[in-house]
Structure formats: C-alpha cells, structure tokens
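Worksheet for the structure shown next.
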Amino acid sequence: MDNALRELYQEVILDHSRHPRHHGVLDSATHKAEGYNPLCGDRVIVYLQLDQEGRVADIRFQGKGCAISQASASMMTEMLKGRSQAEAERLMSGFLNLVKGQDAPGLSEDDRETLNVMSGISAFPMRVKCATLAWHTYKNAVEEGKKEEGAT
Amino acid sequence: MTAQTKIALPFDAERARSDFEILARKVYGKPLVYLDSGASAQKPRIVLDTMRDFAQSEYANVHRGVHFLSAAATDRYEAARRTVQKFLHAAREDEIVFTKGGTEAINLVSYSYLAPRFQPGDEIVLTVMEHHSNIVPWHFLRERAGAVLRWVDVRDDGSLDIEALDAAITPKTRLVAVTHMSNVLGTITPLKDIVARAHAKGVPVLADGCQGAVHEVVDVQALDIDFYAITGHKLYGPTGIGALYAKRSHLKAMRPFQGGGEMIREVAKDRISYADPPARFEAGTPPIIESIGLATALDYLSSFDRKAVAAHEHDLLTYARKQVGQFNWLRVIGDAPGKGAILSFEAEGMHAHDLATILDREGVAVRAGHHCAQVLMERFGVTSTSRASFALYNTRADVDALIAGLHKARGILV
C-alpha cells in the first residue's frame, strides 16, 4: 500500500471510526448543532454541555459518514472534553492547520501528537472537508447552538 | 441461395481507446482506469483538434459580421446544429436550440414553456430517479408558482413502474419530466410508451437525455417526444454546450428565456420584437467553438455501429455485475432489465468516499456521493453510493482493476 494511504487509514483512525467514542445523544446538552457535507450527504450532530465558565463539561456526537469524518468526530470529542473555550479554540485552529499540511504553533506537545494522527489527510485535499466537518459543527454549536430553556 | 447476411463487426474498444490520449496517462504512477464517464466523458483527439483548427483558421462571432470569417463561422455553427438534428433524428434544424448544457436546456423548458401557462395547483409528474437538474427547476415552480410535484417511485430493482406513472398523470398535469437513463441506476425508461400514455391525456413529455443519448440511439420523431435535453460533455464533446430538442409548435409558442443580443428582431426605446426560434432562445454570443466540438463528437460517435458500442458497454456491465454479485459484502443498487452501463453499489463497512479514495490511489476513477440524485438516495435508504460508469473506451481490464481495487479497499478498511 502506498505510504499516503497507510498514513490516512492508520489503525488509530480506523479504530475510532469503527468504535466511535462519545457517540449518541446528550440529554443534558446546553448547545447543539448539525453539520452537513453537501458533497457526500454526510451529517453530524454535535451535542455540548458547557458549564458556567464555558468549559466543555460533556460532549457527544451522532452521525453517519466516512471513516475520516467519523474518526475525526470521535477524536474531537475525546480532546475537547474538559477543555475551556480558549483551549478548544486553540485545538481547533491547530487542527485546521495540520489537515492543510501547515504548521500548528501554539499546541502543547501532547495535543500535537494526538492531532497529528489526522495530518495524513493533508495529502488528500478532496477529503479535508470530511475531517473538518465535526470541528466546524462544534464551533457552530458554541456560537449559535444555545438551546432554549426546556427545549430538547 | 447466396443471400448475404450482414454481420456487424464487433466493436474494437482497444482501437477506439487510442483516440483518447488522456487514457494513456498515469495517476500516482499507475495506469489511469477511467470509470467516471457518467459524470463527464473524455474527449477524442479529433474533437480537440477540430476545435483548435476551427479557432485557428475560421473563428469569428456568428450571425453578425458581413466579413469572411464571420460567414465561415456562422456556416460551421449552423452545420453543427444540423449535426445535432441528425443525431436526434429531428425533423427540422430549427427545432434544435443550443444551450450551455442539459441543465440549461431543462431550465429553458421550465421558464419559457411551462411557467407562463402555469396555474397554482397544476402538477408536474417526475420520477424519484431524476438528476437534480430535472428536479430543481420544477421545485422552483413549486416554490414560485404553486406547482404540485407528483413523484413516481421505482421498483426495488430500479425499474420504472409505467402503470404508476400513468396513474400519476391527472387532468391537472402540465408536464411529465422523466430521465431517459438514470445516472445512478442505469435504468432506461420506456420513453415511447411514456409519451404515448401522456399524450393520450394531452400532456407533453420532457426527457432528460444527458445519459440516454450517450448509450441509446435517439429518434425524437419516432418517440413523438416534446422535449429532449442533451449535454455535450457526456457525449465525448466539450463542456459548455448542450442542446434542447423541442417540437416546432412548442418553440413558436415559447416566450424568450434570457434577453440579449442575437435573440431579437428589433429593439426600440418603447417596443421590442423577438427573433424566430431557435435564435429567440440563444441570447448573447453562443458557445461557438464548443458547438463545433459537439458536432465533431457526435460524428465521431456516429462513425461506429452504435448497436455494437452498446453491446460492448453491456458486456462490461455484465462482466462487472457477475463478479460483484459474488461478494456478499456488496449491494448493487439498480438491476433493471435492459439497463445501461452504470454500476452503483454500496459496500459493507466501506463508505463510498473512503472506497473512492483508495481506488483513486490505484488509478481507478469512480464517482462517490449522492450523484445529484438525493431523492433516489432516500428511496434506497443510503446517503451515498459508489458508481462505476462505462464508456466506449473502457475494457474488461478496467473492470479487473476495479475488482482488484475493491479487494484492496476491503483489506484496508474492513
């Protein structure tokens, strides 16, 4: 198999796509957004429970899609849980840089190592949107997805 | 008795293949296996050469100048129209309107034929296997003019239920809009029967022939069809050109679509009159070089025995279908009897986009996604499929590469 493919479909990514973490509905969500990729018709819904300081107290996602979009969503939930908004912003911009093959300053060594798993996507420009769908949906949830009191 | 039986020569795909230089290139160091002609076909050398030669030696704007080149270019442009006329077996050359593609051809019918005579509550009959280009213009009429869209389902094998279509035609139906060949299922619709049944109720029929005209010989007179839309780039021609066939009586009754040069008779400050069809519907400078390319592509396609080409494409489909039929992890979507050379499928544990990415690195180009047919995706309960579409230049070796690629993808993903 060629190296680019091996890099893209490495075991960590396939494991996340086959066994996504934090998958399902979050009843206690304070924020929610739906993301849609018109190219392939894939959808993802991100549920967030933000505490009073805006920290990600809990997070879940639902959706069906390609291995890349599912793995990216799953890994995102693992990384974001417990983070402050400032940290989450930094992770997201770092991730967006990495998947475009750019350097990602401002990431801790641990975060960089984790996010680097997805950097193989930079060799597949047609697939970058698969990887970024969940992250953009997360941002949408924070900015515009605040749920009304009592709404489900 | 010495009566000679005319034996059709088998179509020589290898030889035709050499007309397409791009097929000799490599991608990622591997030979290109192009199985995405349903999205856009490659162009033979003669199309590209003829376009360049025309641009280099005879090019000017059409229908305007009195000078030598303008006359030459106008002759070529109008000759291209006659080539399309012959290709579709239309009675008259002025029944052919050049458009920028199939989409514009269908929009032209919507805006110029249907919209002016439309009343809220009027109905349009269409099938669930239409391409978005034969759905969205009718949605516009739903949103803006109160049209009711009547959807005709397909059977589980992808075939059209003609009785269901017949039953969907009511006294309120203003148009039946139906594909000639589904770009996902490969299903070929019984156009002649559809037209006969619609006409029996006084309803005109539009066929989206963007796929159908590539694989079937189209005779609009024998079909007695009202409108037939084609696009150049799927017919081995250039992008930016297509055509609408419409019956002369319809064209004469249609109001202009876009306004601009070429489509008028006379313009004054307080009044305007329009050119006769087809010029009435060809506002602005048309795709002149592309029209020459399209005519050349149609001549190229017509230089073969079309039945032999169809048999060749069908052989590829059958060859591929037989092999994937042995995979219990793969579900083919669309198995209608007599279908055209398109193979859509979903594979267990492999999302269409992941599969297409892995096939791509093997040099195998397939289409993955909803194929601009989301209503059909919903019908079959999928968000996307993978699609291999076969053209005259494909061979069994291409199918073998696809099958090998499927195994490889399964090894990686599952």
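So you can find residues: chains in the structure tokens are A, B, ... in the order shown, residues in each start at 1, and ligands are numbered from 1 in order.
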
Next item on the list: Using DSSP on the backbone coordinates, identify all residues within chain A classified as helix (DSSP H, G or I); present the result as a PyMOL selection string.
Entry: chain A and resi 3-8+11-18+67-80+85-99+109-123+125-144

Output for the residues just chosen: C-alpha atoms as a CSV table (one decimal), in the first residue's frame:
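Generated file (again26.csv):
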chain,number,residue,atom,x,y,z
A,3,ASN,CA,2.5,5.5,2.3
A,4,ALA,CA,-0.1,8.2,1.9
A,5,LEU,CA,-2.9,5.7,2.2
A,6,ARG,CA,-1.2,3.9,5.1
A,7,GLU,CA,-0.9,7.3,6.8
A,8,LEU,CA,-4.5,8.2,6.2
A,11,GLU,CA,-5.1,1.9,12.9
A,12,VAL,CA,-5.9,4.7,15.3
A,13,ILE,CA,-8.3,6.3,12.8
A,14,LEU,CA,-9.9,3.0,11.8
A,15,ASP,CA,-10.4,2.2,15.4
A,16,HIS,CA,-12.1,5.5,16.1
A,17,SER,CA,-14.3,5.1,13.1
A,18,ARG,CA,-15.4,1.6,14.0
A,67,ALA,CA,-14.2,6.7,8.2
A,68,ILE,CA,-12.4,10.1,8.2
A,69,SER,CA,-15.4,12.1,9.3
A,70,GLN,CA,-16.4,9.6,12.0
A,71,ALA,CA,-12.9,9.2,13.3
A,72,SER,CA,-12.3,12.9,13.3
A,73,ALA,CA,-15.6,13.5,15.3
A,74,SER,CA,-14.7,10.8,17.7
A,75,MET,CA,-11.2,12.1,18.3
A,76,MET,CA,-12.5,15.6,18.7
A,77,THR,CA,-14.9,14.6,21.5
A,78,GLU,CA,-12.0,13.0,23.3
A,79,MET,CA,-9.9,16.1,23.0
A,80,LEU,CA,-12.5,18.7,23.8
A,85,GLN,CA,-13.2,27.7,25.3
A,86,ALA,CA,-9.8,29.2,24.9
A,87,GLU,CA,-8.2,25.8,24.8
A,88,ALA,CA,-10.8,24.5,22.4
A,89,GLU,CA,-10.2,27.4,20.1
A,90,ARG,CA,-6.5,26.7,20.1
A,91,LEU,CA,-7.1,23.0,19.4
A,92,MET,CA,-9.4,23.7,16.5
A,93,SER,CA,-7.1,26.2,14.8
A,94,GLY,CA,-4.2,23.9,15.3
A,95,PHE,CA,-6.2,21.0,13.8
A,96,LEU,CA,-7.3,23.1,10.8
A,97,ASN,CA,-3.7,24.0,10.1
A,98,LEU,CA,-2.5,20.4,10.4
A,99,VAL,CA,-5.0,19.0,8.0
A,109,GLU,CA,3.3,18.5,22.7
A,110,ASP,CA,0.6,16.1,23.8
A,111,ASP,CA,-2.1,17.8,21.7
A,112,ARG,CA,0.1,18.0,18.7
A,113,GLU,CA,0.9,14.3,18.9
A,114,THR,CA,-2.8,13.4,19.1
A,115,LEU,CA,-3.9,15.7,16.4
A,116,ASN,CA,-1.0,14.7,14.2
A,117,VAL,CA,-2.8,11.3,13.6
A,118,MET,CA,-5.2,13.2,11.3
A,119,SER,CA,-2.5,15.2,9.5
A,120,GLY,CA,-2.2,12.4,6.8
A,121,ILE,CA,-5.4,13.9,5.3
A,122,SER,CA,-3.3,16.9,4.0
A,123,ALA,CA,-2.2,14.6,1.1
A,125,PRO,CA,-7.2,17.7,-0.4
A,126,MET,CA,-10.6,16.4,-1.7
A,127,ARG,CA,-11.1,14.8,1.8
A,128,VAL,CA,-10.2,17.6,4.1
A,129,LYS,CA,-13.8,18.6,4.5
A,130,CYS,CA,-14.6,15.2,5.8
A,131,ALA,CA,-12.1,15.7,8.6
A,132,THR,CA,-13.1,19.3,9.5
A,133,LEU,CA,-16.9,18.7,9.4
A,134,ALA,CA,-17.2,17.8,13.1
A,135,TRP,CA,-15.0,20.7,14.3
A,136,HIS,CA,-16.9,23.3,12.3
A,137,THR,CA,-20.1,21.8,13.7
A,138,TYR,CA,-18.7,22.1,17.2
A,139,LYS,CA,-17.9,25.8,16.6
A,140,ASN,CA,-21.4,26.3,15.3
A,141,ALA,CA,-22.9,24.7,18.4
A,142,VAL,CA,-20.9,27.0,20.7
A,143,GLU,CA,-21.7,30.2,18.7
A,144,GLU,CA,-25.2,29.6,17.5

Note to self: Using DSSP secondary structure from the backbone, list all strand (DSSP E or B) positions within range 98-193 of chain B, as a list of chain:residue names.
What the structure shows: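 So, restricting range 98-193 of chain B to strand (DSSP E or B), we get B:Phe98, B:Thr99, B:Glu123, B:Ile124, B:Val125, B:Leu126, B:Thr127, B:Val148, B:Leu149, B:Arg150, B:Trp151, B:Val152, B:Val154, B:Leu160, B:Thr173, B:Arg174, B:Leu175, B:Val176, B:Ala177, B:Val178, B:Thr179, B:Met181, B:Ile188.
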
Check: Please, which residues of chain A lie no more than 7 Å from chain B when the count uses only C-alpha atoms, and can they be set out as a list in words?
Finding: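 Contact residues on the first chain: Leu39, Cys40, Gly41, Asp42, Gly65, Cys66 and Ala67 of chain A.
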
May I have the residues from that selection written out with N, CA and C atoms, as an mmCIF file, in the first residue's frame?
data_model
loop_
_atom_site.group_PDB
_atom_site.id
_atom_site.type_symbol
_atom_site.label_atom_id
_atom_site.label_comp_id
_atom_site.auth_asym_id
_atom_site.auth_seq_id
_atom_site.Cartn_x
_atom_site.Cartn_y
_atom_site.Cartn_z
ATOM 1 N N LEU A 39 -21.333 17.595 -0.340
ATOM 2 C CA LEU A 39 -20.585 16.803 -1.314
ATOM 3 C C LEU A 39 -20.964 15.331 -1.235
ATOM 4 N N CYS A 40 -21.077 14.812 -0.010
ATOM 5 C CA CYS A 40 -21.332 13.381 0.138
ATOM 6 C C CYS A 40 -22.645 13.099 0.854
ATOM 7 N N GLY A 41 -23.291 14.155 1.358
ATOM 8 C CA GLY A 41 -24.549 13.946 2.061
ATOM 9 C C GLY A 41 -24.378 13.503 3.509
ATOM 10 N N ASP A 42 -23.132 13.498 3.996
ATOM 11 C CA ASP A 42 -22.906 13.081 5.376
ATOM 12 C C ASP A 42 -23.375 14.151 6.364
ATOM 13 N N GLY A 65 -21.109 8.545 8.407
ATOM 14 C CA GLY A 65 -20.283 9.116 7.355
ATOM 15 C C GLY A 65 -19.082 8.247 7.096
ATOM 16 N N CYS A 66 -18.138 8.812 6.384
ATOM 17 C CA CYS A 66 -16.948 8.059 6.016
ATOM 18 C C CYS A 66 -16.057 7.860 7.243
ATOM 19 N N ALA A 67 -15.069 7.011 7.088
ATOM 20 C CA ALA A 67 -14.160 6.700 8.187
ATOM 21 C C ALA A 67 -13.477 7.961 8.701
#

Notebook entry, point to check: With only C-alpha atoms as the basis for distance, which of B:Val184, B:Leu175, B:Val218, B:Met254 is at the shortest distance from Pro116 in chain B?
Noted result: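 Closest to Pro116 in chain B of all the choices is B:Met254.
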
Margin query: So that I can check the surroundings of range 189-204 of chain B, please list as a PyMOL selection string every protein, DNA and RNA residue that reaches within 7 Å of it, counting only C-alpha atoms and ignoring chain neighbours fewer than 6 positions away.
Written below: chain B and resi 160+166+173-176+180-181+223-226

Compile the contact shell of Arg76 in chain B as a short mmCIF file (atom, residue, chain, number, x, y, z; two decimals) with C-alpha atoms, in the first residue's frame: residues with an atom at most 12 Å away, counting only C-alpha atoms, same-chain residues fewer than 3 positions apart removed.
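Saved file result-v2.cif follows:
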data_model
loop_
_atom_site.label_atom_id
_atom_site.label_comp_id
_atom_site.auth_asym_id
_atom_site.auth_seq_id
_atom_site.Cartn_x
_atom_site.Cartn_y
_atom_site.Cartn_z
CA THR B 50 -11.12 20.21 -34.70
CA MET B 51 -11.85 22.82 -32.05
CA PHE B 54 -11.51 25.98 -36.17
CA ALA B 55 -10.32 28.57 -33.64
CA SER B 57 -8.48 29.26 -39.06
CA GLU B 58 -12.18 30.10 -39.18
CA TYR B 59 -13.12 31.74 -35.93
CA ALA B 60 -15.22 34.90 -35.56
CA ASN B 61 -18.54 35.75 -33.98
CA VAL B 62 -21.61 34.28 -35.65
CA HIS B 63 -24.68 35.90 -37.23
CA LEU B 69 -14.63 34.81 -41.11
CA SER B 70 -17.99 35.64 -39.61
CA ALA B 71 -19.69 33.98 -42.56
CA ALA B 72 -17.43 30.93 -42.24
CA ALA B 73 -18.02 30.63 -38.50
CA ALA B 79 -23.84 22.99 -39.66
CA ALA B 80 -23.27 21.88 -36.06
CA ARG B 81 -26.97 22.44 -35.43
CA ARG B 82 -27.79 20.15 -38.37
CA THR B 83 -25.44 17.53 -36.95
CA ILE B 288 -19.26 28.72 -30.94
CA ILE B 289 -16.07 26.68 -30.65
CA GLU B 290 -17.88 24.25 -28.39
CA SER B 291 -20.65 23.76 -30.95
CA ILE B 292 -18.01 22.66 -33.47
CA GLY B 293 -16.59 20.33 -30.84
CA LEU B 294 -20.00 18.85 -30.09
CA ALA B 295 -20.74 18.24 -33.76
CA THR B 296 -17.37 16.53 -34.15
#

Check: What is the distance, in Å and to one decimal place, between CA of Leu406 in chain B and CA of Val364 in chain B?
Finding: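 Distance between the two atoms: 10.2 Å.
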
Test item: residues at most 12 Å from Ala41 in chain B, only C-alpha atoms, excluding those fewer than 5 positions along its chain, as a PDB file with N, CA and C atoms, in the first residue's frame:
ATOM      1  N   PHE B  20      -8.168   8.445 -27.512  1.00  0.00           N
ATOM      2  CA  PHE B  20      -8.275   9.273 -26.308  1.00  0.00           C
ATOM      3  C   PHE B  20      -6.924   9.324 -25.603  1.00  0.00           C
ATOM      4  N   ILE B  22      -5.708  10.972 -23.221  1.00  0.00           N
ATOM      5  CA  ILE B  22      -5.651  11.066 -21.756  1.00  0.00           C
ATOM      6  C   ILE B  22      -5.646   9.679 -21.109  1.00  0.00           C
ATOM      7  N   LEU B  23      -6.211   8.694 -21.812  1.00  0.00           N
ATOM      8  CA  LEU B  23      -6.296   7.356 -21.242  1.00  0.00           C
ATOM      9  C   LEU B  23      -4.935   6.676 -21.160  1.00  0.00           C
ATOM     10  N   TYR B  34     -10.389   4.903 -16.116  1.00  0.00           N
ATOM     11  CA  TYR B  34     -11.399   5.958 -16.001  1.00  0.00           C
ATOM     12  C   TYR B  34     -12.797   5.366 -16.068  1.00  0.00           C
ATOM     13  N   LEU B  35     -13.444   5.305 -14.903  1.00  0.00           N
ATOM     14  CA  LEU B  35     -14.792   4.735 -14.820  1.00  0.00           C
ATOM     15  C   LEU B  35     -15.772   5.793 -14.318  1.00  0.00           C
ATOM     16  N   ASP B  36     -15.574   7.027 -14.781  1.00  0.00           N
ATOM     17  CA  ASP B  36     -16.448   8.117 -14.359  1.00  0.00           C
ATOM     18  C   ASP B  36     -17.003   8.888 -15.561  1.00  0.00           C
ATOM     19  N   CYS B 210     -29.387  13.310 -20.957  1.00  0.00           N
ATOM     20  CA  CYS B 210     -27.945  13.524 -20.751  1.00  0.00           C
ATOM     21  C   CYS B 210     -27.174  12.207 -20.706  1.00  0.00           C
ATOM     22  N   GLN B 211     -27.768  11.176 -20.114  1.00  0.00           N
ATOM     23  CA  GLN B 211     -27.141   9.851 -20.133  1.00  0.00           C
ATOM     24  C   GLN B 211     -27.672   9.033 -21.315  1.00  0.00           C
ATOM     25  N   VAL B 214     -26.194   9.098 -24.849  1.00  0.00           N
ATOM     26  CA  VAL B 214     -24.841   8.560 -24.999  1.00  0.00           C
ATOM     27  C   VAL B 214     -24.898   7.081 -25.363  1.00  0.00           C
ATOM     28  N   THR B 231     -26.467  16.961 -23.231  1.00  0.00           N
ATOM     29  CA  THR B 231     -25.297  17.760 -22.882  1.00  0.00           C
ATOM     30  C   THR B 231     -24.090  17.232 -23.634  1.00  0.00           C
ATOM     31  N   GLY B 232     -23.202  18.144 -24.038  1.00  0.00           N
ATOM     32  CA  GLY B 232     -22.086  17.756 -24.894  1.00  0.00           C
ATOM     33  C   GLY B 232     -21.016  16.945 -24.200  1.00  0.00           C
ATOM     34  N   HIS B 233     -20.714  17.301 -22.970  1.00  0.00           N
ATOM     35  CA  HIS B 233     -19.510  16.730 -22.347  1.00  0.00           C
ATOM     36  C   HIS B 233     -19.655  15.269 -21.953  1.00  0.00           C
ATOM     37  N   LYS B 234     -20.879  14.758 -21.901  1.00  0.00           N
ATOM     38  CA  LYS B 234     -21.040  13.320 -21.656  1.00  0.00           C
ATOM     39  C   LYS B 234     -21.030  12.542 -22.974  1.00  0.00           C
ATOM     40  N   LEU B 235     -21.154  13.277 -24.078  1.00  0.00           N
ATOM     41  CA  LEU B 235     -21.186  12.680 -25.417  1.00  0.00           C
ATOM     42  C   LEU B 235     -19.811  12.770 -26.073  1.00  0.00           C
ATOM     43  N   TYR B 236     -18.762  12.783 -25.260  1.00  0.00           N
ATOM     44  CA  TYR B 236     -17.380  12.851 -25.752  1.00  0.00           C
ATOM     45  C   TYR B 236     -17.066  14.208 -26.374  1.00  0.00           C
ATOM     46  N   GLY B 237     -17.912  15.193 -26.087  1.00  0.00           N
ATOM     47  CA  GLY B 237     -17.685  16.542 -26.581  1.00  0.00           C
ATOM     48  C   GLY B 237     -17.225  17.454 -25.460  1.00  0.00           C
ATOM     49  N   PRO B 238     -17.138  18.752 -25.762  1.00  0.00           N
ATOM     50  CA  PRO B 238     -16.648  19.700 -24.757  1.00  0.00           C
ATOM     51  C   PRO B 238     -17.709  20.076 -23.726  1.00  0.00           C
ATOM     52  N   THR B 239     -17.276  20.703 -22.647  1.00  0.00           N
ATOM     53  CA  THR B 239     -18.196  21.311 -21.690  1.00  0.00           C
ATOM     54  C   THR B 239     -18.719  22.623 -22.277  1.00  0.00           C
ATOM     55  N   ALA B 297     -17.858  15.503 -32.022  1.00  0.00           N
ATOM     56  CA  ALA B 297     -18.035  14.365 -31.117  1.00  0.00           C
ATOM     57  C   ALA B 297     -19.193  13.481 -31.569  1.00  0.00           C
ATOM     58  N   ALA B 365     -10.663   5.692 -11.269  1.00  0.00           N
ATOM     59  CA  ALA B 365     -11.527   6.837 -11.002  1.00  0.00           C
ATOM     60  C   ALA B 365     -12.985   6.406 -11.025  1.00  0.00           C
ATOM     61  N   SER B 389     -19.071   3.913 -14.138  1.00  0.00           N
ATOM     62  CA  SER B 389     -19.834   4.065 -15.381  1.00  0.00           C
ATOM     63  C   SER B 389     -18.915   3.770 -16.558  1.00  0.00           C
ATOM     64  N   PHE B 390     -19.450   3.035 -17.503  1.00  0.00           N
ATOM     65  CA  PHE B 390     -18.627   2.536 -18.605  1.00  0.00           C
ATOM     66  C   PHE B 390     -18.896   3.298 -19.893  1.00  0.00           C
ATOM     67  N   ALA B 391     -17.828   3.539 -20.625  1.00  0.00           N
ATOM     68  CA  ALA B 391     -17.926   4.239 -21.903  1.00  0.00           C
ATOM     69  C   ALA B 391     -17.344   3.348 -22.992  1.00  0.00           C
ATOM     70  N   LEU B 392     -17.391   3.846 -24.209  1.00  0.00           N
ATOM     71  CA  LEU B 392     -16.939   3.014 -25.337  1.00  0.00           C
ATOM     72  C   LEU B 392     -15.466   2.648 -25.241  1.00  0.00           C
ATOM     73  N   TYR B 393     -14.685   3.491 -24.529  1.00  0.00           N
ATOM     74  CA  TYR B 393     -13.244   3.232 -24.461  1.00  0.00           C
ATOM     75  C   TYR B 393     -12.825   2.338 -23.299  1.00  0.00           C
ATOM     76  N   ASN B 394     -13.771   1.897 -22.491  1.00  0.00           N
ATOM     77  CA  ASN B 394     -13.401   1.008 -21.390  1.00  0.00           C
ATOM     78  C   ASN B 394     -13.273  -0.427 -21.883  1.00  0.00           C
TER      79      ASN B 394
END

Check: For Ala115 in chain B, which residue out of B:His250, B:Arg144, B:Lys86, B:Arg396 is the nearest one, using only C-alpha atoms?
Finding: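 Using only C-alpha atoms, the shortest distance to Ala115 in chain B belongs to B:Arg144.
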